[in-house]
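Okay, entry-v4.cif now, which holds mmCIF, C-alpha atoms:
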```cif
data_my_file
#
loop_
_atom_site.label_atom_id
_atom_site.label_comp_id
_atom_site.auth_asym_id
_atom_site.auth_seq_id
_atom_site.Cartn_x
_atom_site.Cartn_y
_atom_site.Cartn_z
CA MET A 1 12.30 6.79 9.05
CA ALA A 2 9.31 5.50 7.09
CA ALA A 3 8.93 6.37 3.42
CA GLY A 4 6.96 9.46 2.42
CA PRO A 5 6.16 11.52 -0.70
CA GLU A 6 9.82 11.70 -1.73
CA PHE A 7 9.82 7.92 -2.08
CA ILE A 8 7.05 8.19 -4.69
CA ARG A 9 8.81 11.03 -6.52
CA ARG A 10 12.00 8.99 -6.80
CA ALA A 11 10.21 5.77 -7.74
CA ASN A 12 8.25 7.67 -10.41
CA GLU A 13 11.58 8.53 -12.06
CA TRP A 14 12.14 4.88 -12.96
CA THR A 15 11.64 4.35 -16.69
CA PRO A 16 9.54 1.49 -18.13
CA GLU A 17 12.79 -0.04 -19.35
CA GLN A 18 14.25 0.01 -15.84
CA LEU A 19 11.08 -1.53 -14.41
CA ALA A 20 10.70 -4.13 -17.15
CA PRO A 21 12.61 -6.89 -15.28
CA TYR A 22 10.19 -6.52 -12.36
CA GLU A 23 6.87 -6.54 -14.23
CA GLY A 24 4.34 -8.87 -12.66
CA LYS A 25 6.45 -9.26 -9.53
CA PHE A 26 6.24 -8.16 -5.93
CA VAL A 27 9.21 -6.03 -4.95
CA ALA A 28 10.81 -4.44 -1.91
CA TRP A 29 11.91 -0.88 -2.65
CA SER A 30 14.53 0.95 -0.65
CA GLU A 31 12.80 3.65 1.38
CA ASP A 32 14.38 6.36 -0.79
CA GLY A 33 12.85 4.82 -3.93
CA ASP A 34 16.25 4.52 -5.61
CA LYS A 35 16.69 0.76 -5.54
CA ILE A 36 14.75 -2.49 -5.62
CA LEU A 37 16.23 -4.64 -2.89
CA ALA A 38 14.33 -7.90 -3.34
CA THR A 39 11.75 -9.50 -5.63
CA GLY A 40 9.34 -12.41 -5.67
CA THR A 41 6.80 -13.78 -8.12
CA THR A 42 4.41 -14.01 -5.13
CA ARG A 43 4.15 -12.13 -1.86
CA GLU A 44 5.29 -15.27 -0.08
CA GLU A 45 8.41 -15.46 -2.24
CA LEU A 46 9.15 -11.81 -1.57
CA ASP A 47 8.69 -12.31 2.18
CA ALA A 48 11.13 -15.23 2.08
CA GLU A 49 13.68 -13.17 0.17
CA VAL A 50 13.26 -10.24 2.58
CA ARG A 51 13.94 -12.61 5.48
CA ARG A 52 16.93 -14.16 3.70
CA LEU A 53 18.43 -10.71 3.13
CA SER A 54 17.49 -9.56 6.66
CA LEU A 55 15.85 -6.43 5.26
CA THR A 56 14.13 -4.24 7.82
CA ALA A 57 13.54 -0.91 6.02
CA TYR A 58 11.72 -1.21 2.71
CA VAL A 59 8.43 -0.50 0.95
CA GLU A 60 6.59 -3.47 -0.51
CA SER A 61 4.78 -3.06 -3.78
CA TYR A 62 3.57 -4.83 -6.90
CA VAL A 63 4.89 -3.87 -10.35
CA PRO A 64 2.04 -4.28 -12.85
CA THR A 65 2.62 -5.47 -16.39
CA PRO A 66 1.95 -3.11 -19.32
CA GLU A 67 -1.18 -5.17 -20.10
CA GLU A 68 -2.48 -4.73 -16.55
CA ILE A 69 -1.79 -1.00 -16.70
CA ARG A 70 -3.58 -0.59 -20.04
CA GLY A 71 -6.65 -2.51 -18.88
CA GLY A 72 -6.68 -0.95 -15.43
CA PHE A 73 -6.09 -2.83 -12.19
CA ARG A 74 -6.87 -2.71 -8.46
CA MET B 1 0.26 15.93 3.69
CA ILE B 2 0.53 15.66 -0.08
CA PHE B 3 1.65 12.59 -2.01
CA PRO B 4 2.30 12.53 -5.76
CA LEU B 5 0.15 10.09 -7.68
CA TRP B 6 2.03 6.99 -8.72
CA GLY B 7 2.57 6.93 -12.50
CA PHE B 8 2.35 3.59 -14.28
CA SER B 9 3.67 3.72 -17.83
CA THR B 10 2.75 1.12 -20.44
CA GLY B 11 4.55 2.32 -23.56
CA HIS B 12 1.22 2.06 -25.42
CA ALA B 13 -1.58 4.59 -25.71
CA ILE B 14 -4.53 4.16 -23.32
CA PRO B 15 -7.78 5.19 -25.08
CA SER B 16 -9.45 6.58 -21.95
CA ARG B 17 -6.37 8.67 -21.22
CA GLY B 18 -6.54 10.59 -24.45
CA GLY B 19 -3.77 8.55 -25.93
CA SER B 20 -1.38 8.96 -23.01
CA ALA B 21 0.54 5.82 -22.07
CA VAL B 22 0.48 6.53 -18.33
CA ARG B 23 -2.11 5.76 -15.66
CA TYR B 24 -1.93 7.61 -12.35
CA LYS B 25 -3.02 6.08 -9.05
CA PRO B 26 -3.21 7.24 -5.44
CA LEU B 27 -0.82 4.82 -3.79
CA VAL B 28 0.94 5.82 -0.58
CA PRO B 29 3.45 4.10 1.70
CA LEU B 30 1.67 3.22 4.95
CA THR B 31 3.51 1.71 7.90
CA VAL B 32 1.66 -0.94 9.90
CA VAL B 33 2.88 -1.62 13.44
CA GLY B 34 1.93 -4.88 15.14
CA PRO B 35 2.83 -6.45 18.48
CA ALA B 36 6.03 -7.97 17.10
CA GLY B 37 6.90 -6.28 13.84
CA ARG B 38 6.18 -3.66 11.24
CA ILE B 39 5.68 -3.58 7.49
CA SER B 40 5.46 -0.73 4.98
CA PRO B 41 3.36 -1.65 1.98
CA LEU B 42 2.31 0.69 -0.78
CA VAL B 43 -1.46 0.91 -0.24
CA SER B 44 -4.27 2.01 -2.52
CA VAL B 45 -6.11 5.09 -1.22
CA ASP B 46 -9.63 3.84 -1.93
CA THR B 47 -12.57 5.96 -0.84
CA SER B 48 -14.98 3.19 -1.91
CA ALA B 49 -13.32 0.49 0.21
CA ASP B 50 -15.09 -0.11 3.51
CA ASP B 51 -12.00 -1.16 5.48
CA VAL B 52 -8.24 -1.04 5.63
CA VAL B 53 -7.23 -4.51 4.42
CA PHE B 54 -3.88 -6.30 4.13
CA PRO B 55 -2.83 -9.73 2.84
CA PHE B 56 -3.44 -12.51 5.33
CA ASP B 57 0.18 -13.62 5.64
CA LYS B 58 1.27 -10.16 6.78
CA ALA B 59 -0.45 -10.76 10.12
CA ALA B 60 2.21 -13.29 11.12
CA LEU B 61 4.98 -10.86 10.20
CA LEU B 62 3.35 -8.32 12.51
CA GLY B 63 3.05 -10.83 15.34
CA ILE B 64 -0.74 -10.97 15.14
CA ASP B 65 -2.56 -14.21 15.98
CA LEU B 66 -5.76 -14.33 13.93
CA SER B 67 -6.95 -17.69 15.29
CA SER B 68 -9.52 -16.06 17.58
CA ALA B 69 -9.96 -12.81 15.64
CA PRO B 70 -13.43 -11.61 14.64
CA VAL B 71 -14.17 -12.55 11.04
CA LEU B 72 -16.61 -11.29 8.44
CA SER B 73 -17.38 -12.46 4.93
CA VAL B 74 -16.68 -9.40 2.85
CA GLY B 75 -17.64 -8.88 -0.78
CA GLY B 76 -15.53 -7.04 -3.26
CA VAL B 77 -12.09 -8.09 -2.03
CA GLY B 78 -10.62 -10.01 -4.95
CA GLY B 79 -14.01 -10.13 -6.70
CA GLN B 80 -15.64 -12.88 -4.58
CA PRO B 81 -16.87 -12.84 -0.97
CA ALA B 82 -13.92 -13.73 1.22
CA PRO B 83 -13.32 -14.00 4.96
CA VAL B 84 -11.62 -10.98 6.47
CA TYR B 85 -10.09 -11.28 9.94
CA TYR B 86 -9.82 -8.16 12.08
CA ALA B 87 -7.12 -7.14 14.53
CA PRO B 88 -5.83 -3.94 16.16
CA VAL B 89 -2.68 -2.30 14.82
CA ILE B 90 -1.06 1.11 14.75
CA LEU B 91 -0.89 2.86 11.37
CA VAL B 92 1.66 5.53 10.47
CA LEU B 93 1.59 7.97 7.57
CA THR B 94 4.34 10.55 7.17
CA ASP B 95 5.62 13.20 4.80
CA HIS B 96 8.70 13.73 6.98
CA ILE B 97 7.25 17.07 8.12
CA ASP B 98 4.17 15.75 9.87
CA THR B 99 3.51 12.21 11.03
CA TYR B 100 0.05 10.75 11.61
CA ARG B 101 0.15 7.75 13.95
CA TRP B 102 -3.14 6.22 15.03
CA ARG B 103 -4.87 3.14 16.35
CA ALA B 104 -7.02 1.14 13.95
CA THR B 105 -8.69 -2.21 13.64
CA VAL B 106 -7.78 -3.51 10.20
CA GLY B 107 -8.61 -6.56 8.12
CA PHE B 108 -6.47 -9.41 6.84
CA THR B 109 -7.62 -11.60 3.97
CA ALA B 110 -6.28 -14.41 1.83
CA ALA B 111 -8.09 -12.96 -1.18
CA PHE B 112 -5.54 -11.80 -3.72
CA MET B 113 -4.87 -8.08 -3.82
CA LYS B 114 -2.23 -6.38 -5.88
CA PHE B 115 -2.26 -3.49 -3.42
CA PRO B 116 -3.60 -3.45 0.14
CA LEU B 117 -6.58 -1.18 0.66
CA PHE B 118 -6.49 2.07 2.60
CA GLY B 119 -10.27 2.28 2.96
CA ILE B 120 -12.70 4.06 5.22
CA ALA B 121 -13.08 2.27 8.60
CA GLY B 122 -9.90 2.72 10.62
CA GLY B 123 -8.36 4.76 7.83
CA LEU B 124 -9.88 7.43 5.61
CA GLU B 125 -12.68 8.12 8.13
CA PHE B 126 -10.08 10.13 10.06
CA PHE B 127 -8.92 12.26 7.13
CA ARG B 128 -10.02 14.68 4.48
CA THR B 129 -8.80 13.08 1.27
CA THR B 130 -8.58 15.01 -1.98
CA LEU B 131 -7.48 13.64 -5.33
CA ASP B 132 -6.14 16.40 -7.58
CA GLY B 133 -6.01 15.11 -11.14
CA PHE B 134 -4.51 18.32 -12.47
CA LEU B 135 -1.58 18.41 -10.08
CA ARG B 136 -1.50 14.59 -9.98
CA GLU B 137 -1.41 14.36 -6.22
CA VAL B 138 -3.50 13.18 -3.30
CA GLU B 139 -3.82 15.33 -0.21
CA ILE B 140 -4.52 13.61 3.10
CA ILE B 141 -5.29 15.85 6.07
CA ALA B 142 -5.97 14.51 9.56
CA GLN B 143 -9.27 15.47 11.17
CA PRO B 144 -10.06 15.95 14.89
CA ASN B 145 -11.42 12.40 15.19
CA LEU B 146 -8.00 10.81 14.50
CA PRO B 147 -7.32 8.38 17.40
CA ALA B 148 -3.69 9.45 17.60
CA THR B 149 -1.23 7.49 19.69
CA GLN B 150 2.46 7.48 20.50
CA ASP B 151 2.34 3.95 21.88
CA ALA B 152 5.06 1.66 20.53
CA SER B 153 2.74 -1.25 19.90
CA PRO B 154 -1.00 -1.94 19.70
#
```
What is this structure when it is put down as structure tokens?
Amino acid sequence: MAAGPEFIRRANEWTPEQLAPYEGKFVAWSEDGDKILATGTTREELDAEVRRLSLTAYVESYVPTPEEIRGGFR
Amino acid sequence: MIFPLWGFSTGHAIPSRGGSAVRYKPLVPLTVVGPAGRISPLVSVDTSADDVVFPFDKAALLGIDLSSAPVLSVGGVGGQPAPVYYAPVILVLTDHIDTYRWRATVGFTAAFMKFPLFGIAGGLEFFRTTLDGFLREVEIIAQPNLPATQDASP
């Protein structure tokens, strides 16, 4: 089952401290938003890690840094 | 279907947010189905984006060959004009109550994007999209022009 609104609600519960190790990285979230399954400093690195771990169900995202958030980003 | 806005917290006050340290953005998980794979990126619901656009390298993961795909030079993606290659896919949006599944021709570009774009052509043109800043949610409702499909692959 693909991720839906509940994924965002759960991911929104992560604190800045919990997300700090992932700032500036691309990540693969579990579809329930509870865990980060893989990371990469680039999309290509994340894709390689996803393949290495044989992940099939995940949501890919970027975790902006506090500076990017303050200044706004697209 | 209604998605909460994604909250990005900085730990420092943001002047335009009245001193709040959190920015809210309409990002939703969108599943992309290709001939030989699927991906589920968090995409930016962007009513000013002309197209639905994903990173170039995702095409290979979906089993899409872009070597003979139509290409346009598109401005605004990553700040500079960049080639965008177009290919058919199936897009899926769900809230686990309803599921919207439709055919779309989407773009792929090597221009850097932090979040893929859920823009108008092939995407938001089929929906009524409402951003509610008070409730901090985005509502996306399918319209009669949605080219719905139950096909397994494009």
Residues of chain B within 10 Å of chain A, counting all atoms listed in the file, as a PyMOL selection string = chain B and resi 1-17+21-25+27-31+37-44+46+55+57-58+61+77-78+92-97+99+112-117+137
Adding 4 Å on each side of the box along x, y and z that holds all listed atoms of stretch 93-97 of chain B, could you give its centre and edge lengths in Å to one decimal, as JSON?
```
{"center_x": 5.1, "center_y": 12.5, "center_z": 6.5, "size_x": 15.1, "size_y": 17.1, "size_z": 11.3}
```
Top pick for closest residue to B:Leu124, considering B:Ala142, B:Ala110, B:Ala87, B:Ala152 and counting all atoms listed in the file |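 Distance minimum relative to B:Leu124 lands on B:Ala142.
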One decimal, Å: what's the distance from atom CA of A:Arg51 over to atom CA of B:Ala36, could you say?
-> 14.8 Å
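As for atom CA of A:Gly33 and atom CA of A:Arg10, they are spaced 5.1 Å apart.
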List every protein, DNA or RNA residue that has at least one atom no more than 8 Å from (-8.7, 15.6, -1.0) in the file's coordinates, counting only C-alpha atoms, and write the result as a VMD selection string.
-> chain B and resid 128 to 132 138 to 141
Selection: 8 Å around stretch 68-70 of chain B, all atoms listed in the file, excl. self and same-chain fewer than 2 positions, as a count of residues only = 6
Residue members of the PyMOL selection byres ((chain A and resi 49) around 10) in the file shown, as a list of chain:residue names =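 The output of the PyMOL selection byres ((chain A and resi 49) around 10) on this file is A:Val27, A:Ala28, A:Leu37, A:Ala38, A:Thr39, A:Gly40, A:Arg43, A:Glu44, A:Glu45, A:Leu46, A:Asp47, A:Ala48, A:Val50, A:Arg51, A:Arg52, A:Leu53, A:Ser54, A:Leu55.
Relative to atom CA of B:Val106, atom CA of B:Val53 is found at 5.9 Å.
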Please fill the gaps in stretch 39-65 of chain A so it has N, CA and C atoms, and write that as a PDB file, keeping the file's coordinate frame.
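Saved result, out-v3.pdb, follows:
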```
ATOM      1  N   THR A  39      12.915  -9.238  -4.779  1.00  0.00           N
ATOM      2  CA  THR A  39      11.750  -9.500  -5.630  1.00  0.00           C
ATOM      3  C   THR A  39      11.195 -10.891  -5.334  1.00  0.00           C
ATOM      4  N   GLY A  40       9.943 -11.089  -5.758  1.00  0.00           N
ATOM      5  CA  GLY A  40       9.340 -12.410  -5.670  1.00  0.00           C
ATOM      6  C   GLY A  40       8.182 -12.483  -6.659  1.00  0.00           C
ATOM      7  N   THR A  41       7.941 -13.651  -7.199  1.00  0.00           N
ATOM      8  CA  THR A  41       6.800 -13.780  -8.120  1.00  0.00           C
ATOM      9  C   THR A  41       5.482 -13.818  -7.343  1.00  0.00           C
ATOM     10  N   THR A  42       5.571 -14.095  -6.028  1.00  0.00           N
ATOM     11  CA  THR A  42       4.410 -14.010  -5.130  1.00  0.00           C
ATOM     12  C   THR A  42       4.833 -13.220  -3.895  1.00  0.00           C
ATOM     13  N   ARG A  43       3.828 -12.812  -3.114  1.00  0.00           N
ATOM     14  CA  ARG A  43       4.150 -12.130  -1.860  1.00  0.00           C
ATOM     15  C   ARG A  43       4.955 -13.039  -0.940  1.00  0.00           C
ATOM     16  N   GLU A  44       4.591 -14.326  -0.951  1.00  0.00           N
ATOM     17  CA  GLU A  44       5.290 -15.270  -0.080  1.00  0.00           C
ATOM     18  C   GLU A  44       6.755 -15.382  -0.479  1.00  0.00           C
ATOM     19  N   GLU A  45       7.015 -15.416  -1.782  1.00  0.00           N
ATOM     20  CA  GLU A  45       8.410 -15.460  -2.240  1.00  0.00           C
ATOM     21  C   GLU A  45       9.160 -14.204  -1.840  1.00  0.00           C
ATOM     22  N   LEU A  46       8.487 -13.063  -1.970  1.00  0.00           N
ATOM     23  CA  LEU A  46       9.150 -11.810  -1.570  1.00  0.00           C
ATOM     24  C   LEU A  46       9.438 -11.821  -0.076  1.00  0.00           C
ATOM     25  N   ASP A  47       8.473 -12.261   0.726  1.00  0.00           N
ATOM     26  CA  ASP A  47       8.690 -12.310   2.180  1.00  0.00           C
ATOM     27  C   ASP A  47       9.899 -13.187   2.516  1.00  0.00           C
ATOM     28  N   ALA A  48      10.008 -14.323   1.824  1.00  0.00           N
ATOM     29  CA  ALA A  48      11.130 -15.230   2.080  1.00  0.00           C
ATOM     30  C   ALA A  48      12.455 -14.561   1.708  1.00  0.00           C
ATOM     31  N   GLU A  49      12.462 -13.845   0.599  1.00  0.00           N
ATOM     32  CA  GLU A  49      13.680 -13.170   0.170  1.00  0.00           C
ATOM     33  C   GLU A  49      14.044 -12.027   1.130  1.00  0.00           C
ATOM     34  N   VAL A  50      13.024 -11.310   1.606  1.00  0.00           N
ATOM     35  CA  VAL A  50      13.260 -10.240   2.580  1.00  0.00           C
ATOM     36  C   VAL A  50      13.883 -10.813   3.857  1.00  0.00           C
ATOM     37  N   ARG A  51      13.365 -11.969   4.276  1.00  0.00           N
ATOM     38  CA  ARG A  51      13.940 -12.610   5.480  1.00  0.00           C
ATOM     39  C   ARG A  51      15.362 -13.067   5.212  1.00  0.00           C
ATOM     40  N   ARG A  52      15.588 -13.654   4.025  1.00  0.00           N
ATOM     41  CA  ARG A  52      16.930 -14.160   3.700  1.00  0.00           C
ATOM     42  C   ARG A  52      17.954 -13.028   3.697  1.00  0.00           C
ATOM     43  N   LEU A  53      17.531 -11.855   3.208  1.00  0.00           N
ATOM     44  CA  LEU A  53      18.430 -10.710   3.130  1.00  0.00           C
ATOM     45  C   LEU A  53      18.428  -9.880   4.413  1.00  0.00           C
ATOM     46  N   SER A  54      17.605 -10.274   5.379  1.00  0.00           N
ATOM     47  CA  SER A  54      17.490  -9.560   6.660  1.00  0.00           C
ATOM     48  C   SER A  54      17.147  -8.085   6.467  1.00  0.00           C
ATOM     49  N   LEU A  55      16.255  -7.813   5.502  1.00  0.00           N
ATOM     50  CA  LEU A  55      15.850  -6.430   5.260  1.00  0.00           C
ATOM     51  C   LEU A  55      14.871  -5.991   6.343  1.00  0.00           C
ATOM     52  N   THR A  56      15.040  -4.766   6.807  1.00  0.00           N
ATOM     53  CA  THR A  56      14.130  -4.240   7.820  1.00  0.00           C
ATOM     54  C   THR A  56      13.445  -2.951   7.356  1.00  0.00           C
ATOM     55  N   ALA A  57      14.097  -2.190   6.487  1.00  0.00           N
ATOM     56  CA  ALA A  57      13.540  -0.910   6.020  1.00  0.00           C
ATOM     57  C   ALA A  57      13.307  -0.990   4.522  1.00  0.00           C
ATOM     58  N   TYR A  58      12.053  -1.095   4.136  1.00  0.00           N
ATOM     59  CA  TYR A  58      11.720  -1.210   2.710  1.00  0.00           C
ATOM     60  C   TYR A  58      10.230  -0.923   2.538  1.00  0.00           C
ATOM     61  N   VAL A  59       9.843  -0.682   1.291  1.00  0.00           N
ATOM     62  CA  VAL A  59       8.430  -0.500   0.950  1.00  0.00           C
ATOM     63  C   VAL A  59       8.050  -1.602  -0.029  1.00  0.00           C
ATOM     64  N   GLU A  60       7.035  -2.356   0.343  1.00  0.00           N
ATOM     65  CA  GLU A  60       6.590  -3.470  -0.510  1.00  0.00           C
ATOM     66  C   GLU A  60       5.570  -2.991  -1.517  1.00  0.00           C
ATOM     67  N   SER A  61       5.725  -3.468  -2.746  1.00  0.00           N
ATOM     68  CA  SER A  61       4.780  -3.060  -3.780  1.00  0.00           C
ATOM     69  C   SER A  61       4.703  -4.151  -4.854  1.00  0.00           C
ATOM     70  N   TYR A  62       3.714  -3.982  -5.728  1.00  0.00           N
ATOM     71  CA  TYR A  62       3.570  -4.830  -6.900  1.00  0.00           C
ATOM     72  C   TYR A  62       3.921  -3.974  -8.124  1.00  0.00           C
ATOM     73  N   VAL A  63       4.572  -4.580  -9.112  1.00  0.00           N
ATOM     74  CA  VAL A  63       4.890  -3.870 -10.350  1.00  0.00           C
ATOM     75  C   VAL A  63       3.992  -4.463 -11.452  1.00  0.00           C
ATOM     76  N   PRO A  64       2.965  -3.720 -11.857  1.00  0.00           N
ATOM     77  CA  PRO A  64       2.040  -4.280 -12.850  1.00  0.00           C
ATOM     78  C   PRO A  64       2.693  -4.402 -14.224  1.00  0.00           C
ATOM     79  N   THR A  65       2.144  -5.310 -15.011  1.00  0.00           N
ATOM     80  CA  THR A  65       2.620  -5.470 -16.390  1.00  0.00           C
ATOM     81  C   THR A  65       1.988  -4.374 -17.250  1.00  0.00           C
TER      82      THR A  65
END
```
